[in-house]
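**Student:** You'll find run.txt just under this line, and it carries compact mmCIF, C-alpha atoms.
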# COMPACT_ATOMS: atom_id res chain seq x y z
CA MET A 18 1.11 -71.66 99.44
CA ASP A 19 -1.68 -72.03 96.90
CA ASP A 20 0.39 -71.04 93.85
CA LEU A 21 3.32 -73.33 94.63
CA GLY A 22 1.54 -76.05 96.62
CA LEU A 23 3.64 -75.53 99.74
CA SER A 24 3.17 -77.56 102.92
CA ILE A 25 3.22 -75.90 106.34
CA ALA A 26 6.86 -76.94 106.77
CA GLU A 27 7.82 -75.47 103.38
CA TYR A 28 5.89 -72.28 104.11
CA SER A 29 7.66 -72.01 107.45
CA VAL A 30 11.01 -72.37 105.69
CA PHE A 31 10.11 -69.57 103.26
CA ALA A 32 8.99 -67.29 106.10
CA SER A 33 11.93 -68.04 108.41
CA ILE A 34 14.88 -68.42 106.02
CA ILE A 35 15.23 -64.64 105.83
CA THR A 36 16.31 -64.71 109.49
CA PHE A 37 18.79 -67.50 108.70
CA GLY A 38 20.25 -65.23 106.02
CA GLY A 39 20.21 -62.50 108.65
CA MET A 40 22.55 -64.62 110.76
CA ILE A 41 25.00 -64.79 107.87
CA GLY A 42 24.72 -61.04 107.36
CA ALA A 43 25.17 -60.46 111.08
CA LEU A 44 28.39 -62.50 111.14
CA ILE A 45 30.01 -60.34 108.48
CA SER A 46 28.34 -56.98 109.21
CA GLY A 47 30.75 -55.68 111.82
CA LYS A 48 33.94 -56.63 110.00
CA VAL A 49 32.64 -55.34 106.66
CA ALA A 50 31.52 -52.03 108.18
CA ASP A 51 34.83 -51.65 110.03
CA PHE A 52 36.95 -52.46 106.97
CA PHE A 53 35.07 -50.76 104.13
CA GLY A 54 33.26 -48.04 106.08
CA ARG A 55 29.59 -47.44 106.80
CA ARG A 56 28.68 -45.99 103.38
CA ALA A 57 30.18 -48.79 101.29
CA THR A 58 28.48 -51.34 103.55
CA MET A 59 25.10 -49.75 102.77
CA TRP A 60 25.70 -50.26 99.07
CA LEU A 61 26.59 -53.89 99.70
CA LEU A 62 23.42 -54.61 101.67
CA ASP A 63 21.32 -52.99 98.92
CA LEU A 64 22.93 -55.34 96.38
CA PHE A 65 21.99 -58.42 98.42
CA ILE A 66 18.40 -57.25 98.93
CA ILE A 67 17.89 -56.28 95.27
CA LEU A 68 19.18 -59.68 94.11
CA GLY A 69 16.86 -61.36 96.61
CA TRP A 70 13.80 -59.44 95.42
CA CYS A 71 14.64 -60.27 91.79
CA SER A 72 14.83 -63.97 92.63
CA ILE A 73 11.35 -63.79 94.20
CA ILE A 74 9.88 -61.69 91.37
CA PHE A 75 11.11 -63.98 88.58
CA GLY A 76 11.43 -67.33 90.38
CA LYS A 77 9.17 -70.16 89.18
CA ARG A 78 10.09 -72.72 91.83
CA ALA A 79 10.02 -72.72 95.60
CA TRP A 80 13.80 -73.04 95.97
CA LEU A 81 14.32 -69.85 93.96
CA LEU A 82 11.99 -67.98 96.28
CA ASP A 83 13.80 -69.43 99.29
CA ALA A 84 17.13 -68.38 97.76
CA GLY A 85 15.75 -64.88 97.30
CA ARG A 86 14.63 -64.69 100.92
CA LEU A 87 18.05 -65.96 102.01
CA LEU A 88 19.85 -63.25 100.02
CA MET A 89 17.51 -60.62 101.42
CA GLY A 90 18.26 -61.94 104.88
CA VAL A 91 21.98 -61.38 104.39
CA GLY A 92 21.26 -57.77 103.42
CA VAL A 93 18.88 -57.30 106.36
CA GLY A 94 21.44 -58.77 108.78
CA ILE A 95 23.97 -56.19 107.63
CA GLN A 96 21.39 -53.39 107.72
CA LEU A 97 20.30 -54.20 111.27
CA TYR A 98 23.85 -53.42 112.39
CA VAL A 99 25.09 -50.66 110.10
CA ALA A 100 21.99 -48.43 110.03
CA PRO A 101 21.72 -47.69 113.79
CA ILE A 102 25.51 -47.58 114.13
CA TYR A 103 25.84 -45.00 111.34
CA ILE A 104 23.00 -42.84 112.64
CA SER A 105 24.30 -42.90 116.22
CA GLU A 106 27.78 -41.92 115.02
CA VAL A 107 26.68 -38.92 112.95
CA ALA A 108 23.77 -37.49 115.00
CA PRO A 109 24.21 -34.79 117.70
CA LYS A 110 23.71 -36.16 121.23
CA ASN A 111 20.59 -34.09 121.97
CA VAL A 112 18.62 -35.54 119.03
CA ARG A 113 20.39 -38.88 118.53
CA GLY A 114 17.53 -40.89 120.02
CA CYS A 115 14.96 -39.09 117.85
CA PHE A 116 17.00 -39.76 114.71
CA LEU A 117 17.32 -43.48 115.52
CA ALA A 118 13.62 -43.71 116.36
CA ALA A 119 12.78 -41.89 113.11
CA ALA A 120 14.66 -44.58 111.20
CA SER A 121 12.51 -47.21 112.92
CA PHE A 122 9.45 -45.12 112.06
CA THR A 123 10.23 -45.40 108.35
CA LEU A 124 10.56 -49.17 108.86
CA VAL A 125 7.09 -49.22 110.37
CA LEU A 126 5.78 -47.22 107.40
CA GLY A 127 7.20 -49.87 105.10
CA PHE A 128 5.63 -52.71 107.06
CA SER A 129 2.30 -50.88 107.25
CA LEU A 130 2.33 -50.22 103.52
CA ALA A 131 3.04 -53.90 102.87
CA TYR A 132 0.19 -55.00 105.17
CA TYR A 133 -2.21 -52.50 103.64
CA ILE A 134 -1.54 -53.10 99.95
CA GLY A 135 -0.47 -56.75 100.21
CA ASN A 136 -4.07 -57.95 100.29
CA ASN A 137 -4.85 -56.08 97.06
CA MET A 138 -2.13 -57.33 94.72
CA SER A 139 -0.31 -60.51 93.80
CA TRP A 140 2.73 -61.49 95.87
CA ARG A 141 5.06 -61.02 92.87
CA THR A 142 3.81 -57.46 92.36
CA LEU A 143 4.28 -56.83 96.07
CA ALA A 144 7.88 -58.04 95.73
CA LEU A 145 8.42 -55.53 92.92
CA VAL A 146 7.12 -52.75 95.16
CA GLY A 147 9.45 -53.93 97.92
CA ALA A 148 12.52 -53.67 95.68
CA THR A 149 11.94 -50.01 94.84
CA PRO A 150 13.31 -48.41 98.05
CA CYS A 151 16.59 -50.30 97.61
CA PHE A 152 17.27 -48.52 94.33
CA ILE A 153 16.46 -45.18 95.98
CA GLN A 154 18.96 -45.87 98.76
CA VAL A 155 21.69 -46.83 96.27
CA LEU A 156 21.44 -43.27 94.92
CA GLY A 157 20.91 -41.65 98.32
CA VAL A 158 24.13 -43.00 99.82
CA PHE A 159 26.10 -40.89 97.33
CA PHE A 160 24.92 -37.78 99.17
CA ILE A 161 25.81 -38.67 102.79
CA PRO A 162 29.23 -38.29 104.51
CA GLU A 163 31.21 -41.11 106.09
CA SER A 164 30.96 -41.54 109.87
CA PRO A 165 33.48 -39.26 111.64
CA ARG A 166 34.03 -41.89 114.34
CA TRP A 167 34.91 -44.54 111.75
CA LEU A 168 37.28 -42.06 110.11
CA SER A 169 38.91 -41.36 113.49
CA LYS A 170 39.30 -45.06 114.23
CA ASN A 171 41.17 -45.41 110.93
CA GLY A 172 43.46 -42.43 111.56
CA LEU A 173 41.93 -40.11 108.94
CA GLU A 174 42.14 -36.93 111.04
CA LYS A 175 41.47 -34.33 108.33
CA GLU A 176 38.50 -36.32 107.05
CA VAL A 177 37.04 -36.40 110.58
CA GLU A 178 36.79 -32.61 110.67
CA ALA A 179 35.50 -32.41 107.10
CA SER A 180 32.76 -34.96 107.84
CA LEU A 181 31.73 -33.20 111.07
CA GLN A 182 31.66 -29.83 109.34
CA ARG A 183 29.41 -31.19 106.63
CA LEU A 184 27.12 -32.80 109.22
CA ARG A 185 26.91 -29.82 111.60
CA GLY A 186 26.88 -27.02 109.04
CA ALA A 187 29.48 -24.79 107.37
CA ASN A 188 29.44 -22.19 110.18
CA ALA A 189 29.32 -24.61 113.14
CA ASP A 190 32.21 -24.87 115.60
CA ILE A 191 33.18 -28.55 115.53
CA SER A 192 36.58 -28.28 117.25
CA THR A 193 35.42 -29.53 120.68
CA GLU A 194 33.47 -32.47 119.26
CA ALA A 195 36.30 -33.44 116.92
CA THR A 196 38.85 -33.36 119.75
CA GLU A 197 36.61 -35.44 122.01
CA ILE A 198 36.14 -38.10 119.32
CA LYS A 199 39.89 -38.28 118.55
CA ASP A 200 40.96 -38.37 122.22
CA TYR A 201 38.49 -41.10 123.17
CA THR A 202 39.41 -43.20 120.12
CA GLU A 203 43.09 -43.01 121.10
CA ILE A 204 42.37 -44.01 124.72
CA VAL A 205 40.20 -46.96 123.68
CA GLN A 206 42.71 -48.27 121.16
CA GLN A 207 45.50 -48.13 123.75
CA HIS A 208 43.50 -50.43 126.03
CA SER A 209 42.13 -52.77 123.38
CA GLY A 210 43.06 -55.85 121.45
CA SER A 211 41.82 -56.88 118.02
CA LYS A 212 40.82 -60.51 118.64
CA PHE A 213 37.24 -61.69 118.81
CA MET A 214 37.79 -63.28 122.22
CA ASP A 215 38.66 -59.84 123.63
CA LEU A 216 34.90 -59.25 123.64
CA PHE A 217 34.54 -61.60 126.57
CA SER A 218 37.01 -59.85 128.84
CA ARG A 219 35.64 -58.46 132.11
CA LYS A 220 35.84 -54.82 131.05
CA TYR A 221 33.28 -55.35 128.27
CA ALA A 222 30.95 -57.63 130.24
CA ARG A 223 28.19 -55.11 130.92
CA PRO A 224 27.71 -53.71 127.38
CA LEU A 225 27.85 -57.22 125.93
CA ILE A 226 25.30 -58.62 128.40
CA VAL A 227 22.97 -55.66 127.89
CA GLY A 228 23.19 -55.82 124.08
CA THR A 229 22.80 -59.58 123.61
CA GLY A 230 20.32 -60.00 126.48
CA LEU A 231 17.97 -57.32 125.18
CA MET A 232 18.00 -58.71 121.65
CA ALA A 233 17.28 -62.28 122.74
CA LEU A 234 14.46 -61.42 125.16
CA VAL A 235 12.76 -59.07 122.69
CA GLN A 236 12.79 -61.66 119.91
CA PHE A 237 11.53 -64.43 122.22
CA GLY A 238 8.66 -62.04 122.92
CA GLY A 239 7.18 -63.20 119.60
CA THR A 240 7.48 -60.24 117.24
CA SER A 241 8.77 -62.22 114.24
CA ALA A 242 5.93 -64.74 114.58
CA ILE A 243 3.21 -62.13 115.01
CA THR A 244 4.58 -60.01 112.16
CA SER A 245 4.93 -62.95 109.75
CA PHE A 246 1.73 -64.82 110.61
CA ALA A 247 -0.71 -62.11 111.74
CA SER A 248 -3.30 -63.09 109.13
CA SER A 249 -3.17 -66.75 110.21
CA ILE A 250 -3.60 -65.77 113.88
CA PHE A 251 -6.60 -63.55 113.09
CA ARG A 252 -8.15 -66.27 110.93
CA ALA A 253 -7.72 -68.91 113.67
CA ALA A 254 -9.52 -66.61 116.12
CA GLY A 255 -12.44 -66.05 113.74
CA CYS A 256 -11.50 -62.46 112.83
CA ALA A 257 -11.68 -60.99 109.33
CA ALA A 258 -7.97 -61.37 108.53
CA ASP A 259 -7.76 -58.78 105.75
CA SER A 260 -9.53 -56.06 107.70
CA ALA A 261 -7.64 -56.83 110.93
CA SER A 262 -4.29 -56.67 109.12
CA ARG A 263 -5.18 -53.27 107.68
CA VAL A 264 -6.23 -51.94 111.08
CA MET A 265 -2.94 -53.16 112.56
CA ALA A 266 -1.00 -51.46 109.77
CA VAL A 267 -2.79 -48.14 110.26
CA LEU A 268 -2.48 -48.17 114.06
CA GLN A 269 1.28 -48.76 113.97
CA VAL A 270 2.06 -45.46 112.23
CA PRO A 271 0.93 -42.92 114.88
CA PHE A 272 2.45 -44.98 117.70
CA ALA A 273 5.76 -45.22 115.84
CA ALA A 274 5.65 -41.43 115.44
CA MET A 275 4.95 -41.13 119.17
CA GLY A 276 8.05 -43.25 119.82
CA ILE A 277 10.24 -40.64 118.09
CA ILE A 278 9.16 -38.01 120.62
CA LEU A 279 9.22 -40.28 123.68
CA THR A 280 12.72 -41.60 122.98
CA GLU A 281 14.20 -38.27 124.04
CA LYS A 282 11.41 -36.99 126.29
CA ALA A 283 10.89 -40.09 128.43
CA GLY A 284 14.28 -41.71 127.92
CA ARG A 285 15.24 -45.14 126.65
CA ARG A 286 14.72 -47.05 129.90
CA LEU A 287 11.19 -45.85 130.71
CA LEU A 288 10.01 -46.19 127.11
CA MET A 289 11.41 -49.73 126.91
CA MET A 290 9.77 -50.82 130.16
CA VAL A 291 6.35 -49.30 129.38
CA SER A 292 6.23 -50.68 125.83
CA SER A 293 7.38 -54.14 127.00
CA ALA A 294 4.68 -54.16 129.69
CA GLY A 295 2.09 -53.29 127.02
CA ALA A 296 3.36 -56.08 124.74
CA CYS A 297 3.20 -58.50 127.69
CA LEU A 298 -0.43 -57.58 128.37
CA GLY A 299 -1.26 -57.91 124.65
CA CYS A 300 0.16 -61.45 124.45
CA PHE A 301 -1.64 -62.35 127.69
CA LEU A 302 -4.98 -61.25 126.20
CA VAL A 303 -4.36 -63.31 123.05
CA ALA A 304 -3.48 -66.34 125.18
CA LEU A 305 -6.65 -65.96 127.25
CA GLY A 306 -8.70 -65.63 124.07
CA PHE A 307 -7.42 -68.93 122.67
CA LEU A 308 -7.73 -70.54 126.12
CA PHE A 309 -11.42 -69.63 126.18
CA GLU A 310 -11.76 -71.13 122.70
CA ASP A 311 -10.22 -74.38 123.94
CA HIS A 312 -12.86 -74.48 126.67
CA HIS A 313 -15.65 -73.83 124.16
CA GLN A 314 -16.49 -70.35 125.35
CA SER A 315 -18.09 -67.69 123.15
CA ALA A 316 -16.46 -67.41 119.70
CA GLU A 317 -17.08 -63.66 119.76
CA LEU A 318 -15.18 -63.37 123.07
CA THR A 319 -12.22 -65.21 121.55
CA SER A 320 -12.08 -63.07 118.42
CA SER A 321 -12.44 -59.84 120.42
CA MET A 322 -9.68 -60.74 122.87
CA VAL A 323 -7.28 -61.95 120.18
CA PHE A 324 -7.90 -58.88 118.04
CA SER A 325 -7.45 -56.52 121.01
CA GLY A 326 -4.35 -58.36 122.20
CA ILE A 327 -2.62 -58.32 118.82
CA MET A 328 -3.40 -54.62 118.42
CA LEU A 329 -2.03 -53.85 121.88
CA PHE A 330 1.11 -55.88 121.21
CA SER A 331 1.57 -54.23 117.82
CA VAL A 332 1.30 -50.62 119.00
CA SER A 333 3.39 -51.28 122.14
CA PHE A 334 6.15 -52.99 120.19
CA THR A 335 6.11 -50.29 117.53
CA MET A 336 6.24 -47.47 120.08
CA GLY A 337 9.42 -48.59 121.81
CA MET A 338 10.19 -52.27 122.23
CA GLY A 339 11.08 -52.71 118.57
CA SER A 340 13.46 -49.80 118.05
CA THR A 341 14.90 -49.06 121.50
CA PRO A 342 17.17 -52.15 121.77
CA TRP A 343 18.89 -51.13 118.52
CA ILE A 344 19.25 -47.57 119.78
CA ILE A 345 20.83 -48.80 123.01
CA MET A 346 23.09 -51.25 121.17
CA SER A 347 24.41 -48.53 118.88
CA GLU A 348 25.16 -46.27 121.87
CA ILE A 349 26.78 -48.57 124.44
CA LEU A 350 29.33 -50.52 122.36
CA PRO A 351 32.87 -49.01 122.43
CA ILE A 352 34.32 -48.14 119.03
CA ASN A 353 37.15 -50.70 119.24
CA ILE A 354 34.79 -53.68 119.70
CA LYS A 355 31.78 -52.23 117.91
CA GLY A 356 32.33 -54.39 114.83
CA SER A 357 32.69 -57.73 116.63
CA ALA A 358 30.21 -56.97 119.42
CA GLY A 359 27.68 -55.51 116.98
CA SER A 360 27.94 -58.60 114.79
CA LEU A 361 27.41 -60.88 117.78
CA THR A 362 24.44 -58.84 119.01
CA THR A 363 22.83 -58.83 115.56
CA LEU A 364 23.52 -62.56 115.20
CA ILE A 365 21.73 -63.24 118.50
CA SER A 366 18.76 -61.19 117.31
CA CYS A 367 18.53 -62.99 113.96
CA PHE A 368 19.06 -66.46 115.47
CA THR A 369 16.36 -66.05 118.10
CA SER A 370 14.06 -64.50 115.48
CA TRP A 371 14.61 -67.56 113.25
CA ILE A 372 13.82 -69.94 116.11
CA VAL A 373 10.56 -68.13 116.86
CA SER A 374 9.41 -67.72 113.24
CA TYR A 375 10.23 -71.32 112.26
CA THR A 376 8.69 -73.04 115.28
CA PHE A 377 5.64 -70.80 115.64
CA ASN A 378 3.29 -72.64 113.24
CA PHE A 379 4.00 -76.00 114.86
CA LEU A 380 3.61 -74.62 118.40
CA PHE A 381 0.48 -72.68 117.41
CA GLN A 382 -1.19 -75.80 116.03
CA TRP A 383 -0.22 -77.75 119.15
CA ASN A 384 -1.32 -75.16 121.76
CA ALA A 385 -2.25 -71.65 120.61
CA ALA A 386 -2.84 -70.35 124.15
CA GLY A 387 0.40 -71.83 125.47
CA VAL A 388 2.64 -70.17 122.88
CA PHE A 389 1.18 -66.73 123.65
CA PHE A 390 1.54 -67.26 127.41
CA MET A 391 5.21 -67.97 126.65
CA PHE A 392 5.49 -64.75 124.60
CA ALA A 393 3.91 -62.82 127.49
CA PHE A 394 6.49 -64.26 129.91
CA PHE A 395 9.42 -63.10 127.77
CA CYS A 396 7.92 -59.63 127.24
CA GLY A 397 7.53 -59.31 130.99
CA SER A 398 11.13 -60.46 131.44
CA VAL A 399 12.26 -57.50 129.34
CA VAL A 400 10.82 -55.10 131.94
CA VAL A 401 12.84 -56.73 134.73
CA PHE A 402 16.02 -56.93 132.62
CA VAL A 403 15.88 -53.24 131.69
CA ALA A 404 15.15 -52.16 135.26
CA MET A 405 18.15 -54.10 136.59
CA LEU A 406 20.84 -53.72 133.93
CA VAL A 407 20.16 -51.16 131.20
CA PRO A 408 21.56 -47.61 131.71
CA GLU A 409 19.88 -44.39 130.59
CA THR A 410 21.74 -42.97 127.57
CA LYS A 411 19.57 -39.93 126.82
CA GLY A 412 21.47 -36.64 126.43
CA ARG A 413 24.97 -38.13 126.74
CA THR A 414 27.72 -38.36 124.13
CA LEU A 415 28.71 -41.80 122.87
CA GLU A 416 32.10 -41.34 124.50
CA GLU A 417 30.53 -40.61 127.91
CA ILE A 418 28.19 -43.60 127.67
CA GLN A 419 30.87 -46.05 126.59
CA ALA A 420 33.41 -44.87 129.18
CA SER A 421 30.84 -45.35 131.97
CA MET A 422 30.07 -48.93 130.88
CA THR A 423 33.59 -50.24 130.38
CA LEU A 424 36.58 -50.58 132.68
CA LEU A 425 39.19 -48.64 130.67
CA GLN A 426 40.27 -46.21 133.35
Could you rewrite the structure in this file as structure tokens?

**Tutor:**
Amino acid sequence: MDDLGLSIAEYSVFASIITFGGMIGALISGKVADFFGRRATMWLLDLFIILGWCSIIFGKRAWLLDAGRLLMGVGVGIQLYVAPIYISEVAPKNVRGCFLAAASFTLVLGFSLAYYIGNNMSWRTLALVGATPCFIQVLGVFFIPESPRWLSKNGLEKEVEASLQRLRGANADISTEATEIKDYTEIVQQHSGSKFMDLFSRKYARPLIVGTGLMALVQFGGTSAITSFASSIFRAAGCAADSASRVMAVLQVPFAAMGIILTEKAGRRLLMMVSSAGACLGCFLVALGFLFEDHHQSAELTSSMVFSGIMLFSVSFTMGMGSTPWIIMSEILPINIKGSAGSLTTLISCFTSWIVSYTFNFLFQWNAAGVFFMFAFFCGSVVVFVAMLVPETKGRTLEEIQASMTLLQ
């Protein structure tokens, strides 16, 4: 804001336009991943993100930075879909949840690194650091096999077995798994159409409601606002913003690691409900802190409650609420609608994230306590939604999960 003389509205555009780009990426993610395959789609998303970082690194005007964030958003929108889908399709059922949670753990490491070092370098240097992992992934994708389930969907039978053999090991018996994948793919395709409106048929109602509902409620819980504007929130509460941001970054790492273990040990449902309840309590504490400030209570009480609330929200969200919806989405969507349904689910996530991140500064200036009471309400709603509608997917094959949630029989 200081370097480019941005107003609050312009700063909000810069912060939120990445989610608008995410909506564009979400719209094309499923079709691109279905047509070109999961590996080629990863290369495409890296291209978008690298171009976006370059625009930020070398841009001299605000619109160039906004264009860079938009391009990055397109890449992120694609990544939000293809990464969990690929991992769920290649991982064995007994460790699938751990693998998906581990991917979210690396995301947390990236965020924590950005929070920790971002206060010690210029924003252009930070952008250069952010571009580095993209180049690593461009090379890394050369060394991973294509998804056997995508290969089966496209009738590449020999490649299915070759991919599974490479994933499970040269001496592993993959005959049962390969047969199960091929048989289920054939059954699904016999009962499916290829039009987008087929998503809204009765047989797909439950997976679609679970996927889109979870994404919307989680985003309305405030994560994009708290992640993007944590320093501003701490500063408004009278906390030392730099130190508080570093503490938040450090705390996230062990709780993200804990989430990897709990995903399989406790199950998706319990982890989601407990972490959402923690996030709800965290937002409630922040709201109370700002409410006390409005009524001219102790400034120390306000800063302590806001700091504690943001930390509680951060660790709760990191432990389960952030990653589990993507794990569930990747597991419950049948292969024949995975592209369209995955795109819609990712679009809902990006759209609601954009709404929250763009409106937060205006709402926060108007009524800081009110906006966090609203976040607490939505986090609490996640607990009820999961308890009523979301199935447990731990320890089951994708084919078993998807057959139980759709009316194909």

**Student:** Compute the distance from (28.8, -47.5, 112.3) to each atom, counting all atoms listed in the file, keep the residues with any atom at most 9 Å away, and return them as an MDAnalysis selection string; use the coordinates of the file.

**Tutor:** chainID A and resid 47 50:51 54:55 98:107 164 166:167 347 352 355:356

**Student:** Could you list as number ranges by chain every residue that has an atom within 7 Å of (7.8, -56.0, 126.6), using the file's coordinates and counting all atoms listed in the file?

**Tutor:** A: 290, 292-297, 338, 396-397, 399-400

**Student:** Find the spatial neighbours of A:Leu279, counting all atoms listed in the file, within a cut-off of 12 Å - ignore same-chain residues fewer than 5 positions away - and output them as a PyMOL selection string.

**Tutor:** chain A and resi 112+114-119+272-274+284-289+291-292+336-337+340-341+411

**Student:** Take the selection from the previous step and output its residues with C-alpha atoms, as a PDB file, in the coordinates of the input.

**Tutor:**
ATOM      1  CA  VAL A 112      18.620 -35.540 119.030  1.00  0.00           C
ATOM      2  CA  GLY A 114      17.530 -40.890 120.020  1.00  0.00           C
ATOM      3  CA  CYS A 115      14.960 -39.090 117.850  1.00  0.00           C
ATOM      4  CA  PHE A 116      17.000 -39.760 114.710  1.00  0.00           C
ATOM      5  CA  LEU A 117      17.320 -43.480 115.520  1.00  0.00           C
ATOM      6  CA  ALA A 118      13.620 -43.710 116.360  1.00  0.00           C
ATOM      7  CA  ALA A 119      12.780 -41.890 113.110  1.00  0.00           C
ATOM      8  CA  PHE A 272       2.450 -44.980 117.700  1.00  0.00           C
ATOM      9  CA  ALA A 273       5.760 -45.220 115.840  1.00  0.00           C
ATOM     10  CA  ALA A 274       5.650 -41.430 115.440  1.00  0.00           C
ATOM     11  CA  GLY A 284      14.280 -41.710 127.920  1.00  0.00           C
ATOM     12  CA  ARG A 285      15.240 -45.140 126.650  1.00  0.00           C
ATOM     13  CA  ARG A 286      14.720 -47.050 129.900  1.00  0.00           C
ATOM     14  CA  LEU A 287      11.190 -45.850 130.710  1.00  0.00           C
ATOM     15  CA  LEU A 288      10.010 -46.190 127.110  1.00  0.00           C
ATOM     16  CA  MET A 289      11.410 -49.730 126.910  1.00  0.00           C
ATOM     17  CA  VAL A 291       6.350 -49.300 129.380  1.00  0.00           C
ATOM     18  CA  SER A 292       6.230 -50.680 125.830  1.00  0.00           C
ATOM     19  CA  MET A 336       6.240 -47.470 120.080  1.00  0.00           C
ATOM     20  CA  GLY A 337       9.420 -48.590 121.810  1.00  0.00           C
ATOM     21  CA  SER A 340      13.460 -49.800 118.050  1.00  0.00           C
ATOM     22  CA  THR A 341      14.900 -49.060 121.500  1.00  0.00           C
ATOM     23  CA  LYS A 411      19.570 -39.930 126.820  1.00  0.00           C
TER      24      LYS A 411
END

**Student:** When you look at stretch 413-416 of chain A with a cut-off of 7 Å (counting only C-alpha atoms), what residues show up, excluding the ones that are within fewer than 3 positions of it in the same chain? I need them as number ranges by chain.

**Tutor:** A: 110, 201, 348, 410, 419-420

**Student:** From the options A:Phe395, A:Trp383, A:Phe31, A:Trp343, which residue's atoms come nearest to A:Ala120, counting only C-alpha atoms?

**Tutor:** A:Trp343
